[in-house]
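J.: Dropping a structure here in structure tokens format, bear with me for questions.
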Amino acid sequence: LGMIHMGLDHLDQALNNLQTSLKIRTKALPPRNPLIGRTHHDIGLVYEAPDKVPDALQHLNTALGIYSYELQPDHCDIAECQEDIQRLM
């Protein structure tokens, strides 16, 4: 739902939905679950939109750490996250 709001440029609502999702997933899933990584990744993309680059990088790097721990090195989520980080640097 958060990414739908982002696509509609409702960034505050997108961030609110994603932060709620992160809280729920953090309580329900193991700490390095890729779904938690995906939520951090999506939050990073929302923060990128209003030029909150430090916040975006923080969430993208958290996502990359989770992805790198749980996924194979050639997984597409790792490559996508690395590309997003490089774009912001």
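The chains in the structure tokens are called A, B, ... from first to last as shown; in each chain the residues are counted from 1, and the ligands are counted from 1 in the order shown.
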How would you write, as a VMD selection string, the set of residues in chain A that DSSP gives as alpha helix (DSSP H)?
T.: chain A and resid 2 to 7 11 to 28 34 to 48 53 to 70 76 to 88
J.: For A:Ala56, work out the shell of residues within 8 Å, counting only C-alpha atoms and skipping chain neighbours fewer than 3 positions away, then give it as a list in words.
T.: Ile43, Gly44, Leu45, Val46, Tyr47, Glu48, Lys52, Val53, His59 and Leu60 of chain A
J.: Calculated over only C-alpha atoms, which of the candidates A:Gln72, A:Ala14, A:Ile85, A:Leu35 has the smallest distance to A:Gln58?
T.: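 Ranked by minimum distance to A:Gln58, first place goes to A:Ile85.
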J.: Could you state the separation of atom CA of A:Leu15 and atom CA of A:Leu57 in Å, given to one decimal place?
T.: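 So the two atoms, atom CA of A:Leu15 and atom CA of A:Leu57, lie 15.1 Å apart.
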J.: Near A:Arg38, counting only C-alpha atoms, which residues have an atom at most 10 Å away, once you skip same-chain residues fewer than 2 positions from it, shown as an mmCIF file with C-alpha atoms, in the first residue's frame?
T.:
```
data_model
loop_
_atom_site.group_PDB
_atom_site.id
_atom_site.type_symbol
_atom_site.label_atom_id
_atom_site.label_comp_id
_atom_site.auth_asym_id
_atom_site.auth_seq_id
_atom_site.Cartn_x
_atom_site.Cartn_y
_atom_site.Cartn_z
ATOM 1 C CA LEU A 22 8.134 -2.176 9.345
ATOM 2 C CA ASN A 33 14.101 -11.549 7.055
ATOM 3 C CA PRO A 34 14.178 -10.269 3.453
ATOM 4 C CA LEU A 35 10.685 -8.781 3.887
ATOM 5 C CA ILE A 36 12.123 -6.451 6.528
ATOM 6 C CA HIS A 40 13.655 -0.646 4.516
ATOM 7 C CA HIS A 41 14.380 -0.498 0.785
ATOM 8 C CA ASP A 42 10.933 0.940 0.054
ATOM 9 C CA ILE A 43 11.256 3.496 2.885
ATOM 10 C CA GLY A 44 14.589 4.546 1.391
ATOM 11 C CA HIS A 59 17.368 2.632 5.050
ATOM 12 C CA LEU A 60 18.928 1.449 1.789
ATOM 13 C CA THR A 62 20.047 -1.456 6.208
ATOM 14 C CA ALA A 63 18.203 -3.244 3.411
ATOM 15 C CA LEU A 64 21.471 -4.128 1.683
ATOM 16 C CA ILE A 66 19.814 -7.782 5.349
ATOM 17 C CA TYR A 67 19.812 -8.833 1.701
ATOM 18 C CA ASP A 77 17.305 -7.425 -4.760
ATOM 19 C CA CYS A 81 19.619 -1.909 -3.768
#
```
J.: Ranking A:Tyr69, A:Leu1, A:Leu29, A:Asp12 by minimum distance to A:Ala49 and counting only C-alpha atoms, which one comes first?
T.: A:Asp12
